[in-house]
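A.B. asks: Contents of work_16.csv (CSV, C-alpha atoms and all ligand atoms) are below:
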```csv
chain,number,residue,atom,x,y,z
L,1,MET,CA,1.9,-21.1,18.3
L,2,MET,CA,-1.6,-20.1,17.3
L,3,PRO,CA,-3.2,-22.5,14.7
L,4,VAL,CA,-4.1,-20.9,11.5
L,5,LYS,CA,-7.9,-21.0,11.4
L,6,GLY,CA,-9.3,-22.7,8.3
L,7,SER,CA,-5.9,-23.6,6.9
L,8,ARG,CA,-7.0,-27.2,6.4
L,9,ILE,CA,-9.9,-26.1,4.3
L,10,ALA,CA,-7.8,-23.7,2.3
L,11,PHE,CA,-6.1,-26.5,0.5
L,12,VAL,CA,-9.5,-28.0,-0.5
L,13,CYS,CA,-11.4,-25.0,-1.5
L,14,SER,CA,-9.8,-21.6,-1.6
L,15,ALA,CA,-12.8,-20.1,-3.3
L,16,LEU,CA,-15.0,-20.6,-0.3
L,17,ILE,CA,-12.3,-19.3,2.0
L,18,ALA,CA,-12.0,-16.2,-0.1
L,19,ALA,CA,-15.7,-15.6,0.3
L,20,SER,CA,-15.5,-16.0,4.1
L,21,SER,CA,-14.2,-13.1,6.1
L,22,ILE,CA,-13.0,-15.2,9.0
L,23,GLY,CA,-11.9,-18.3,7.3
L,24,TYR,CA,-14.2,-21.0,8.6
L,25,ASN,CA,-15.8,-23.5,6.3
L,26,VAL,CA,-19.2,-22.9,4.8
L,27,PHE,CA,-21.5,-25.9,5.5
L,28,ALA,CA,-24.5,-27.0,3.4
L,29,HIS,CA,-27.6,-27.8,5.4
L,30,GLY,CA,-27.7,-31.4,4.1
L,31,ASN,CA,-24.3,-32.2,5.8
L,32,VAL,CA,-25.7,-32.4,9.3
L,33,THR,CA,-28.1,-34.9,10.7
L,34,PRO,CA,-28.8,-34.1,14.3
L,35,GLN,CA,-28.4,-37.0,16.7
L,36,ALA,CA,-31.2,-37.1,19.3
L,37,VAL,CA,-30.3,-36.5,22.9
L,38,ASP,CA,-32.2,-38.1,25.7
L,39,THR,CA,-32.7,-35.4,28.3
L,40,SER,CA,-35.5,-37.0,30.2
L,41,LYS,CA,-33.3,-37.3,33.3
L,42,LEU,CA,-32.8,-33.5,33.5
L,43,PRO,CA,-35.3,-31.2,35.1
L,44,ASP,CA,-37.5,-29.1,32.8
L,45,ILE,CA,-36.5,-25.5,32.4
L,46,LYS,CA,-38.7,-22.8,33.9
L,47,PRO,CA,-41.1,-21.5,32.8
L,48,ASP,CA,-41.0,-24.1,30.0
L,49,ASN,CA,-38.5,-25.8,27.7
L,50,THR,CA,-39.3,-23.7,24.7
L,51,THR,CA,-38.8,-20.3,26.4
L,52,TRP,CA,-35.0,-19.8,25.9
L,53,VAL,CA,-33.2,-18.6,29.0
L,54,THR,CA,-29.8,-17.0,29.0
L,55,LYS,CA,-28.2,-18.6,32.0
L,56,ASN,CA,-27.4,-22.3,32.5
L,57,PRO,CA,-30.2,-23.6,34.7
L,58,TYR,CA,-28.3,-26.8,35.6
L,59,ARG,CA,-25.2,-25.2,37.2
L,60,ASP,CA,-26.7,-24.5,40.7
L,61,ASP,CA,-27.7,-28.0,41.8
L,62,PRO,CA,-24.6,-30.2,42.1
L,63,GLN,CA,-26.5,-33.5,41.4
L,64,VAL,CA,-28.3,-32.0,38.3
L,65,TYR,CA,-25.1,-30.4,37.1
L,66,ALA,CA,-23.3,-33.8,37.3
L,67,MET,CA,-26.0,-35.4,35.3
L,68,ALA,CA,-26.1,-32.6,32.8
L,69,LYS,CA,-22.3,-32.9,32.2
L,70,LYS,CA,-22.7,-36.6,31.5
L,71,ILE,CA,-25.5,-36.1,29.0
L,72,GLY,CA,-23.7,-33.1,27.5
L,73,GLU,CA,-20.6,-35.1,26.8
L,74,SER,CA,-22.3,-37.6,24.6
L,75,ALA,CA,-24.6,-34.9,23.0
L,76,TYR,CA,-21.5,-33.0,22.1
L,77,GLY,CA,-19.8,-36.0,20.6
L,78,GLY,CA,-22.8,-36.8,18.4
L,79,ASN,CA,-23.6,-33.2,17.3
L,80,CYS,CA,-20.7,-30.8,17.7
L,81,ALA,CA,-17.4,-32.8,17.6
L,82,ARG,CA,-17.4,-33.2,13.8
L,83,CYS,CA,-16.8,-29.5,13.5
L,84,HIS,CA,-15.6,-28.3,16.9
L,85,GLY,CA,-13.3,-31.2,17.5
L,86,LEU,CA,-13.1,-34.4,19.7
L,87,ASP,CA,-13.1,-33.6,23.4
L,88,ALA,CA,-13.7,-29.9,22.5
L,89,ILE,CA,-10.3,-29.5,21.0
L,90,SER,CA,-10.8,-27.7,17.7
L,91,GLY,CA,-8.8,-28.8,14.7
L,92,GLY,CA,-9.3,-25.4,13.2
L,93,ILE,CA,-12.5,-25.7,11.1
L,94,ALA,CA,-14.7,-24.1,13.8
L,95,PRO,CA,-13.9,-22.1,16.9
L,96,ASP,CA,-12.4,-23.9,19.9
L,97,LEU,CA,-15.2,-24.0,22.5
L,98,ARG,CA,-12.8,-24.4,25.4
L,99,TYR,CA,-12.2,-20.6,25.2
L,100,LEU,CA,-15.8,-19.5,25.6
L,101,ASP,CA,-16.2,-17.2,28.5
L,102,LYS,CA,-16.7,-19.0,31.7
L,103,GLY,CA,-20.0,-19.3,33.7
L,104,GLU,CA,-22.8,-16.9,33.3
L,105,ALA,CA,-20.7,-14.5,31.3
L,106,GLY,CA,-20.5,-17.0,28.4
L,107,ASP,CA,-23.9,-18.6,28.7
L,108,GLU,CA,-25.9,-16.2,26.6
L,109,TRP,CA,-23.5,-16.2,23.7
L,110,PHE,CA,-23.3,-20.0,23.8
L,111,ILE,CA,-27.0,-20.7,23.8
L,112,GLN,CA,-27.7,-18.1,21.1
L,113,ARG,CA,-25.2,-19.8,18.8
L,114,PHE,CA,-26.6,-23.3,19.8
L,115,GLN,CA,-30.2,-22.2,19.1
L,116,HIS,CA,-29.7,-20.2,15.9
L,117,GLY,CA,-26.3,-21.3,14.5
L,118,SER,CA,-24.5,-18.8,12.3
L,119,SER,CA,-25.2,-17.7,8.8
L,120,ARG,CA,-23.9,-14.7,6.8
L,121,ASP,CA,-24.6,-13.6,3.3
L,122,GLY,CA,-26.8,-16.7,2.8
L,123,LYS,CA,-24.1,-19.1,3.8
L,124,VAL,CA,-24.4,-21.5,6.7
L,125,TYR,CA,-21.3,-21.5,8.9
L,126,MET,CA,-23.0,-23.4,11.7
L,127,PRO,CA,-26.5,-25.0,11.4
L,128,PRO,CA,-29.1,-24.1,14.0
L,129,MET,CA,-29.4,-26.7,16.7
L,130,GLY,CA,-32.3,-25.4,18.9
L,131,ASP,CA,-35.3,-26.9,17.1
L,132,ALA,CA,-33.6,-30.2,16.5
L,133,LEU,CA,-32.0,-30.9,19.9
L,134,GLY,CA,-34.0,-28.7,22.3
L,135,GLN,CA,-32.9,-26.3,25.0
L,136,LYS,CA,-32.2,-29.0,27.6
L,137,ALA,CA,-29.6,-30.6,25.4
L,138,GLY,CA,-28.0,-27.2,24.8
L,139,TRP,CA,-27.5,-26.5,28.5
L,140,ALA,CA,-26.3,-30.1,29.0
L,141,ILE,CA,-23.6,-29.5,26.4
L,142,ARG,CA,-22.8,-26.1,28.0
L,143,SER,CA,-22.4,-27.9,31.4
L,144,TRP,CA,-19.9,-30.4,29.9
L,145,LEU,CA,-18.0,-27.6,28.2
L,146,ASP,CA,-17.5,-26.0,31.6
L,147,THR,CA,-15.3,-29.0,32.5
L,148,LYS,CA,-13.1,-28.3,29.4
L,149,HIS,CA,-12.8,-24.5,29.9
L,150,GLU,CA,-9.4,-22.9,29.4
L,151,GLU,CA,-8.3,-19.3,29.7
H,201,LIG,C1,-21.2,-28.1,10.6
H,201,LIG,C2,-20.2,-27.6,11.5
H,201,LIG,C3,-20.7,-27.3,12.9
H,201,LIG,C4,-21.4,-28.0,13.8
H,201,LIG,C5,-22.0,-29.4,13.6
H,201,LIG,C6,-21.5,-27.2,15.0
H,201,LIG,N1,-20.9,-26.0,14.9
H,201,LIG,FE1,-20.7,-24.6,16.2
H,201,LIG,N2,-19.8,-23.4,14.9
H,201,LIG,C7,-19.4,-23.8,13.6
H,201,LIG,C8,-18.7,-22.7,13.0
H,201,LIG,C9,-18.1,-22.7,11.6
H,201,LIG,C10,-18.7,-21.6,13.9
H,201,LIG,C11,-18.2,-20.2,13.7
H,201,LIG,C12,-19.4,-19.4,13.1
H,201,LIG,C13,-19.1,-18.0,12.7
H,201,LIG,O1,-17.9,-17.6,12.7
H,201,LIG,O2,-20.0,-17.2,12.4
H,201,LIG,C14,-19.4,-22.1,15.1
H,201,LIG,C15,-19.6,-21.3,16.3
H,201,LIG,C16,-20.1,-21.8,17.4
H,201,LIG,C17,-20.1,-21.1,18.7
H,201,LIG,C18,-19.6,-19.7,18.9
H,201,LIG,C19,-18.1,-19.9,19.2
H,201,LIG,C20,-17.3,-18.6,19.4
H,201,LIG,O3,-16.2,-18.7,19.9
H,201,LIG,O4,-17.9,-17.5,19.2
H,201,LIG,C21,-20.7,-21.9,19.6
H,201,LIG,C22,-20.9,-21.6,21.1
H,201,LIG,C23,-21.0,-23.2,18.9
H,201,LIG,N3,-20.6,-23.1,17.6
H,201,LIG,C24,-21.5,-24.3,19.6
H,201,LIG,C25,-21.8,-25.5,18.9
H,201,LIG,C26,-22.4,-26.6,19.6
H,201,LIG,C27,-22.8,-26.7,21.0
H,201,LIG,C28,-22.6,-27.6,18.6
H,201,LIG,C29,-23.3,-28.9,18.7
H,201,LIG,C30,-24.6,-28.9,19.3
H,201,LIG,C31,-22.1,-27.0,17.3
H,201,LIG,N4,-21.6,-25.7,17.6
H,201,LIG,C32,-22.1,-27.7,16.2
H,201,LIG,C33,-19.6,-25.0,13.1
H,201,LIG,C34,-20.3,-26.0,13.6
```
If you convert what's in this file into C-alpha cells, what do you get?
Ligand code: HEC
C.D. replies:
Amino acid sequence: MMPVKGSRIAFVCSALIAASSIGYNVFAHGNVTPQAVDTSKLPDIKPDNTTWVTKNPYRDDPQVYAMAKKIGESAYGGNCARCHGLDAISGGIAPDLRYLDKGEAGDEWFIQRFQHGSSRDGKVYMPPMGDALGQKAGWAIRSWLDTKHEE
C-alpha cells in the first residue's frame, strides 16, 4: 500500500496542508540548524568546490566512493533524517529518497535540491543546504543514498 503523503501532518495542521498542493509540511527557517560535516578526507571538486557540478564526482574511484558513503551516512543522519526519515526511509513528511533516479540520471536533480532546497509561494518546504554544508557534503550524501536505492 502506498503511504498517504503528509497524512501525519494533516492531523496537526490542516490549514497548512490545504495551502500546499502536494501535501508536504511547510518548514520555518528557524527549525533547521545545519550540522557541520567534515569532508576534509574527500578530494576537492574540480574546478573548485564552489562551482556546482551535476554529476557525482566521487562515484568513479572505489576508494573515494567508499569514503564518501561513510561521510554521507552521518551527514544524512545529522541534516536530512529529521525530514526524510532514518536510514532514508521516509515517514511521509518529505519524499522518500530511496526512489531518486539511480546514478547520473538522478544526480542533477538531487544536487539542485540539496543546494537550493524547495520553496513555493514564499513557503519553505525544504531549506537550502548548499551554503551551509558545501558541495562535498552533498555528493557524500548522494553517494550514501546510492546504497539505499530502490526501484
Ligand atoms: C526541514 C525538512 C527537510 C530537511 C531537513 C531536508 N529536506 Fe529534502 N525535502 C523536504 C521536502 C518537504 C521536500 C519536498 C519539496 C517539494 O515538494 O517541493 C524535499 C525534497 C528533497 C529532494 C527532492 C526529492 C524528490 O523526490 O523530488 C531531495 C533530493 C532532498 N530533499 C534532499 C535532501 C537532503 C540531501 C537533505 C539533507 C542534507 C534534506 N533534503 C533535508 C524536506 C526536508
A.B. asks: How would you report the residues lying within 9 Å of ligand LIG 201 (chain H), as number ranges by chain, if you count only C-alpha atoms and all ligand atoms?
C.D. replies: L: 21-29, 31-34, 75-84, 93-101, 106-107, 109-115, 117-120, 124-130, 133, 137-139, 141-142, 145
A.B. asks: Write the residues you've just listed into a file as a PDB file, keeping the file's coordinate frame, and include C-alpha atoms for each of them.
C.D. replies:
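part.pdb, freshly written:
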```
ATOM      1  CA  SER L  21     -14.200 -13.100   6.100  1.00  0.00           C
ATOM      2  CA  ILE L  22     -13.000 -15.200   9.000  1.00  0.00           C
ATOM      3  CA  GLY L  23     -11.900 -18.300   7.300  1.00  0.00           C
ATOM      4  CA  TYR L  24     -14.200 -21.000   8.600  1.00  0.00           C
ATOM      5  CA  ASN L  25     -15.800 -23.500   6.300  1.00  0.00           C
ATOM      6  CA  VAL L  26     -19.200 -22.900   4.800  1.00  0.00           C
ATOM      7  CA  PHE L  27     -21.500 -25.900   5.500  1.00  0.00           C
ATOM      8  CA  ALA L  28     -24.500 -27.000   3.400  1.00  0.00           C
ATOM      9  CA  HIS L  29     -27.600 -27.800   5.400  1.00  0.00           C
ATOM     10  CA  ASN L  31     -24.300 -32.200   5.800  1.00  0.00           C
ATOM     11  CA  VAL L  32     -25.700 -32.400   9.300  1.00  0.00           C
ATOM     12  CA  THR L  33     -28.100 -34.900  10.700  1.00  0.00           C
ATOM     13  CA  PRO L  34     -28.800 -34.100  14.300  1.00  0.00           C
ATOM     14  CA  ALA L  75     -24.600 -34.900  23.000  1.00  0.00           C
ATOM     15  CA  TYR L  76     -21.500 -33.000  22.100  1.00  0.00           C
ATOM     16  CA  GLY L  77     -19.800 -36.000  20.600  1.00  0.00           C
ATOM     17  CA  GLY L  78     -22.800 -36.800  18.400  1.00  0.00           C
ATOM     18  CA  ASN L  79     -23.600 -33.200  17.300  1.00  0.00           C
ATOM     19  CA  CYS L  80     -20.700 -30.800  17.700  1.00  0.00           C
ATOM     20  CA  ALA L  81     -17.400 -32.800  17.600  1.00  0.00           C
ATOM     21  CA  ARG L  82     -17.400 -33.200  13.800  1.00  0.00           C
ATOM     22  CA  CYS L  83     -16.800 -29.500  13.500  1.00  0.00           C
ATOM     23  CA  HIS L  84     -15.600 -28.300  16.900  1.00  0.00           C
ATOM     24  CA  ILE L  93     -12.500 -25.700  11.100  1.00  0.00           C
ATOM     25  CA  ALA L  94     -14.700 -24.100  13.800  1.00  0.00           C
ATOM     26  CA  PRO L  95     -13.900 -22.100  16.900  1.00  0.00           C
ATOM     27  CA  ASP L  96     -12.400 -23.900  19.900  1.00  0.00           C
ATOM     28  CA  LEU L  97     -15.200 -24.000  22.500  1.00  0.00           C
ATOM     29  CA  ARG L  98     -12.800 -24.400  25.400  1.00  0.00           C
ATOM     30  CA  TYR L  99     -12.200 -20.600  25.200  1.00  0.00           C
ATOM     31  CA  LEU L 100     -15.800 -19.500  25.600  1.00  0.00           C
ATOM     32  CA  ASP L 101     -16.200 -17.200  28.500  1.00  0.00           C
ATOM     33  CA  GLY L 106     -20.500 -17.000  28.400  1.00  0.00           C
ATOM     34  CA  ASP L 107     -23.900 -18.600  28.700  1.00  0.00           C
ATOM     35  CA  TRP L 109     -23.500 -16.200  23.700  1.00  0.00           C
ATOM     36  CA  PHE L 110     -23.300 -20.000  23.800  1.00  0.00           C
ATOM     37  CA  ILE L 111     -27.000 -20.700  23.800  1.00  0.00           C
ATOM     38  CA  GLN L 112     -27.700 -18.100  21.100  1.00  0.00           C
ATOM     39  CA  ARG L 113     -25.200 -19.800  18.800  1.00  0.00           C
ATOM     40  CA  PHE L 114     -26.600 -23.300  19.800  1.00  0.00           C
ATOM     41  CA  GLN L 115     -30.200 -22.200  19.100  1.00  0.00           C
ATOM     42  CA  GLY L 117     -26.300 -21.300  14.500  1.00  0.00           C
ATOM     43  CA  SER L 118     -24.500 -18.800  12.300  1.00  0.00           C
ATOM     44  CA  SER L 119     -25.200 -17.700   8.800  1.00  0.00           C
ATOM     45  CA  ARG L 120     -23.900 -14.700   6.800  1.00  0.00           C
ATOM     46  CA  VAL L 124     -24.400 -21.500   6.700  1.00  0.00           C
ATOM     47  CA  TYR L 125     -21.300 -21.500   8.900  1.00  0.00           C
ATOM     48  CA  MET L 126     -23.000 -23.400  11.700  1.00  0.00           C
ATOM     49  CA  PRO L 127     -26.500 -25.000  11.400  1.00  0.00           C
ATOM     50  CA  PRO L 128     -29.100 -24.100  14.000  1.00  0.00           C
ATOM     51  CA  MET L 129     -29.400 -26.700  16.700  1.00  0.00           C
ATOM     52  CA  GLY L 130     -32.300 -25.400  18.900  1.00  0.00           C
ATOM     53  CA  LEU L 133     -32.000 -30.900  19.900  1.00  0.00           C
ATOM     54  CA  ALA L 137     -29.600 -30.600  25.400  1.00  0.00           C
ATOM     55  CA  GLY L 138     -28.000 -27.200  24.800  1.00  0.00           C
ATOM     56  CA  TRP L 139     -27.500 -26.500  28.500  1.00  0.00           C
ATOM     57  CA  ILE L 141     -23.600 -29.500  26.400  1.00  0.00           C
ATOM     58  CA  ARG L 142     -22.800 -26.100  28.000  1.00  0.00           C
ATOM     59  CA  LEU L 145     -18.000 -27.600  28.200  1.00  0.00           C
TER      60      LEU L 145
END
```
A.B. asks: Given the choices L:Pro62, L:Gly72, L:Pro43, L:Pro57, which gets closest to L:Lys148 if the distance is worked out from only C-alpha atoms?
C.D. replies: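 Checking each of L:Pro62, L:Gly72, L:Pro43, L:Pro57 against L:Lys148, counting only C-alpha atoms, the winner is L:Gly72.
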A.B. asks: At what distance in Å, to one decimal, does atom CA of L:Trp52 lie from atom CA of L:Asp121?
C.D. replies: 25.6 Å
A.B. asks: For each of L:Leu42, L:Ile71, L:Leu86, L:Ala36, take the minimum atom-to-atom distance to L:Tyr58, counting all atoms listed in the file, then give the residue where this is smallest.
C.D. replies: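 Once distances to L:Tyr58 are computed over all atoms listed in the file, the minimum belongs to L:Leu42.
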A.B. asks: State, in Å with one decimal place, the distance from atom CA of L:Lys102 to atom CA of L:Val64.
C.D. replies: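 It comes out at 18.6 Å.
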A.B. asks: How many Å separate atom CA of L:Gly85 from atom CA of L:Thr54?
C.D. replies: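 Interatomic distance, atom CA of L:Gly85 to atom CA of L:Thr54: 24.6 Å.
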